[in-house]
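**Student:** Just passing along the structure, written as structure tokens.
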Amino acid sequence: MERIDGSPIFISDGTRAWDFTGPADRPRVGPLGRVIYLGPSQFLLQQRSTAEWAGNEFAQPTGPVETVEFAGRKCWTVRLAPPEDKPYPLRIWVDVESGFILGDRIDEVGIGSQFVELAVGEPIDEALFAWDGPAYTTEEYQKLLEDESRALRHEHVQWFTDQVASTPLTVRALLDFTPEDVRIADNGGFDTSSRRTFLGRRPRSDEGWAPMWRVTHYVWSTQDWDWAAGAFDTELDDAAILELQQSLHPGDPVDRGRRVAVRRDYLRGTD
């Protein structure tokens, strides 16, 4: 595929593919199944697989197949039933000689695409279907996009810092630990949860209690119990934990308090 000026849009030799539509200074290269063309007239330029014709996405005829002339070629035409979430059928024109789809159209809204000049069987230089210039692998291209996105986010955050507020925007917010669900153990321990919070206790042990919660949380101990509290999308500070402790066991001495931060499925404790 080329633009009017001859610059490439998409090239494939049937095994590899080169995509020139991205923002990079060179194309992305990879196996044809991983690098595909997505853009105008993509359904004409990428023929549908057998599996797609077996489904219900514009795959089943709504009436008879007719033979007509289209784009200067002898073609079959038929309307295909839409899926449940789309209102109108799709008409296609299939070249009788090559089996290639030459056009598609939704008659009710006048939307479609088609070939306007077509040549079948002419000799073509095989070099057209390969690119010998520099290219990014899929992994290199993905890293490039991530780096660009990270740099753009940093630029926007810096703009906010310079133009709006240069100090951290931290406020206190109400967090309700009142349980919606309580699981009680025979030894007096329990686990509770609500939409945003976790709270629990176990009989005090020498090693303390380290719940396997996938949220950052606090653990501490009183004379008889090991406690833990945590919340989704919220950083509990020392003042919040102190307030919670006074509600749970007012006046009881507290020791072994620490914050447990969660990082990628493992726990790391910090005093």
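Chain identifiers are assigned as A, B, and so on, following the order in which chains appear in the structure tokens; residues are numbered from 1 within each chain, and ligands are numbered from 1 in order of appearance.
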As a list in words, which residues of stretch 4-156 of chain A does DSSP assign to alpha helix (DSSP H)?
**Tutor:** Gln42, Phe43, Leu44, Leu45, Thr50, Ala51, Glu52, Trp53, Thr138, Glu139, Glu140, Tyr141, Gln142, Lys143, Leu144, Leu145, Glu146, Asp147, Glu148, Ser149, Arg150, Ala151, Leu152, Arg153, His154, Glu155 and His156 of chain A
**Student:** Counting only C-alpha atoms, what is within 12 Å of A:Asp255, bar same-chain residues fewer than 6 positions away, as a PyMOL selection string?
**Tutor:** chain A and resi 204+208+219-227+245+271
**Student:** Based on the selection just made, write N, CA and C atoms of those residues as a PDB file, in the first residue's frame.
**Tutor:**
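Below is the file that was written, out10.pdb:
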```
ATOM      1  N   ARG A 204      -2.207 -12.454  69.746  1.00  0.00           N
ATOM      2  CA  ARG A 204      -0.822 -12.006  69.665  1.00  0.00           C
ATOM      3  C   ARG A 204       0.126 -13.201  69.596  1.00  0.00           C
ATOM      4  N   GLY A 208       4.268 -11.867  65.215  1.00  0.00           N
ATOM      5  CA  GLY A 208       3.303 -10.893  64.715  1.00  0.00           C
ATOM      6  C   GLY A 208       2.487 -11.459  63.555  1.00  0.00           C
ATOM      7  N   VAL A 219       0.211  -2.782  60.265  1.00  0.00           N
ATOM      8  CA  VAL A 219       0.065  -3.823  61.287  1.00  0.00           C
ATOM      9  C   VAL A 219       0.597  -3.270  62.601  1.00  0.00           C
ATOM     10  N   TRP A 220       0.038  -3.714  63.704  1.00  0.00           N
ATOM     11  CA  TRP A 220       0.481  -3.326  65.039  1.00  0.00           C
ATOM     12  C   TRP A 220      -0.003  -4.369  66.043  1.00  0.00           C
ATOM     13  N   SER A 221       0.449  -4.262  67.250  1.00  0.00           N
ATOM     14  CA  SER A 221       0.090  -5.228  68.289  1.00  0.00           C
ATOM     15  C   SER A 221      -0.301  -4.507  69.568  1.00  0.00           C
ATOM     16  N   THR A 222      -1.255  -5.109  70.286  1.00  0.00           N
ATOM     17  CA  THR A 222      -1.569  -4.722  71.657  1.00  0.00           C
ATOM     18  C   THR A 222      -1.189  -5.902  72.558  1.00  0.00           C
ATOM     19  N   GLN A 223      -1.531  -5.824  73.825  1.00  0.00           N
ATOM     20  CA  GLN A 223      -1.110  -6.881  74.755  1.00  0.00           C
ATOM     21  C   GLN A 223      -1.631  -8.253  74.341  1.00  0.00           C
ATOM     22  N   ASP A 224      -2.862  -8.321  73.830  1.00  0.00           N
ATOM     23  CA  ASP A 224      -3.480  -9.614  73.533  1.00  0.00           C
ATOM     24  C   ASP A 224      -3.637  -9.904  72.039  1.00  0.00           C
ATOM     25  N   TRP A 225      -3.502  -8.878  71.183  1.00  0.00           N
ATOM     26  CA  TRP A 225      -3.870  -9.065  69.780  1.00  0.00           C
ATOM     27  C   TRP A 225      -2.827  -8.474  68.832  1.00  0.00           C
ATOM     28  N   ASP A 226      -2.753  -9.114  67.662  1.00  0.00           N
ATOM     29  CA  ASP A 226      -2.073  -8.538  66.504  1.00  0.00           C
ATOM     30  C   ASP A 226      -3.148  -7.992  65.566  1.00  0.00           C
ATOM     31  N   TRP A 227      -2.968  -6.729  65.117  1.00  0.00           N
ATOM     32  CA  TRP A 227      -3.996  -6.049  64.325  1.00  0.00           C
ATOM     33  C   TRP A 227      -3.455  -5.709  62.933  1.00  0.00           C
ATOM     34  N   GLN A 245      -6.946   3.206  65.961  1.00  0.00           N
ATOM     35  CA  GLN A 245      -6.580   2.450  67.159  1.00  0.00           C
ATOM     36  C   GLN A 245      -7.371   2.914  68.379  1.00  0.00           C
ATOM     37  N   ASP A 271       9.392   0.189  58.679  1.00  0.00           N
ATOM     38  CA  ASP A 271       9.044   0.683  60.008  1.00  0.00           C
ATOM     39  C   ASP A 271       8.553   2.137  59.917  1.00  0.00           C
TER      40      ASP A 271
END
```
**Student:** When you look at A:Gly230 with a cut-off of 9 Å (counting only C-alpha atoms), what residues show up, excluding the ones that are within fewer than 3 positions of it in the same chain? I need them as a list in words.
**Tutor:** Arg196, Thr197, Phe198, Leu199, Trp213, Val215, Thr216, His217, Tyr218, Val219, Thr234, Glu235 and Leu236 of chain A
**Student:** Please list as an mmCIF file with C-alpha atoms, in the first residue's frame every residue within 12 Å of A:Ala24, counting only C-alpha atoms and excluding residues in the same chain fewer than 2 positions away.
**Tutor:**
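The resulting file, out-v8.cif, is reproduced below:
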```cif
data_model
loop_
_atom_site.group_PDB
_atom_site.id
_atom_site.type_symbol
_atom_site.label_atom_id
_atom_site.label_comp_id
_atom_site.auth_asym_id
_atom_site.auth_seq_id
_atom_site.Cartn_x
_atom_site.Cartn_y
_atom_site.Cartn_z
ATOM 1 C CA ASP A 19 3.783 -0.818 9.085
ATOM 2 C CA PHE A 20 4.596 2.820 8.214
ATOM 3 C CA THR A 21 1.504 4.392 9.828
ATOM 4 C CA GLY A 22 2.958 5.011 13.291
ATOM 5 C CA ARG A 26 10.930 4.163 10.568
ATOM 6 C CA PRO A 27 8.396 1.324 10.103
ATOM 7 C CA ARG A 28 7.537 -1.397 12.557
ATOM 8 C CA PRO A 134 15.835 0.392 8.922
ATOM 9 C CA ALA A 135 12.865 -0.793 10.985
ATOM 10 C CA TYR A 136 11.799 -1.237 14.596
ATOM 11 C CA THR A 137 10.908 -4.646 15.954
ATOM 12 C CA GLU A 140 11.521 -1.776 20.115
ATOM 13 C CA TYR A 141 8.458 0.025 18.803
ATOM 14 C CA GLN A 142 6.501 -0.639 21.993
ATOM 15 C CA LYS A 143 9.379 0.705 24.090
ATOM 16 C CA LEU A 144 9.560 3.778 21.877
ATOM 17 C CA LEU A 145 5.857 4.478 22.406
ATOM 18 C CA ASP A 147 9.171 6.303 26.333
ATOM 19 C CA GLU A 148 7.311 8.949 24.345
#
```
**Student:** In Å, with one decimal, what is the gap from atom CA of A:Val120 to atom CA of A:Ala71?
**Tutor:**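 So the two atoms, atom CA of A:Val120 and atom CA of A:Ala71, lie 11.9 Å apart.
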**Student:** Of the candidates A:Arg3, A:Asp85, A:Phe100, A:Arg91, which one gets nearest to A:Pro64 if we count only C-alpha atoms?
**Tutor:**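 Between A:Arg3, A:Asp85, A:Phe100, A:Arg91, the residue approaching A:Pro64 most closely is A:Arg91.
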**Student:** Could you check how far atom CA of A:Gly14 sits from atom CA of A:Val94, in Å to one decimal?
**Tutor:**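 Those two atoms sit 21.6 Å apart.
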**Student:** A:Ala173, A:Cys75, A:Leu80, A:Ala261: which is nearest A:Trp53, counting only C-alpha atoms?
**Tutor:** A:Leu80
**Student:** Given only C-alpha atoms, how would the per-residue table for stretch 68-158 of chain A near stretch 35-43 of chain A read, listing every residue at most 9 Å away with its closest atom pair and distance in Å to one decimal, sorted by chain and number, as JSON lines?
**Tutor:**
```
{"residue": "A:Ile101", "atom": "CA", "partner": "A:Phe43", "partner_atom": "CA", "distance": 8.7}
{"residue": "A:Asp104", "atom": "CA", "partner": "A:Phe43", "partner_atom": "CA", "distance": 8.6}
{"residue": "A:Gly112", "atom": "CA", "partner": "A:Ser41", "partner_atom": "CA", "distance": 8.4}
{"residue": "A:Ser113", "atom": "CA", "partner": "A:Ser41", "partner_atom": "CA", "distance": 6.1}
{"residue": "A:Gln114", "atom": "CA", "partner": "A:Ser41", "partner_atom": "CA", "distance": 7.8}
{"residue": "A:Thr138", "atom": "CA", "partner": "A:Val35", "partner_atom": "CA", "distance": 8.1}
```
**Student:** Would you write out those residues with C-alpha atoms, as a compact mmCIF listing (two decimals), in the first residue's frame?
**Tutor:**
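Here's the written file out01.txt:
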```
# COMPACT_ATOMS: atom_id res chain seq x y z
CA ILE A 101 -13.58 -8.45 -2.64
CA ASP A 104 -18.37 -3.04 0.17
CA GLY A 112 -18.48 1.99 1.78
CA SER A 113 -15.24 1.62 -0.14
CA GLN A 114 -14.20 0.17 -3.46
CA THR A 138 7.58 -4.87 17.77
```
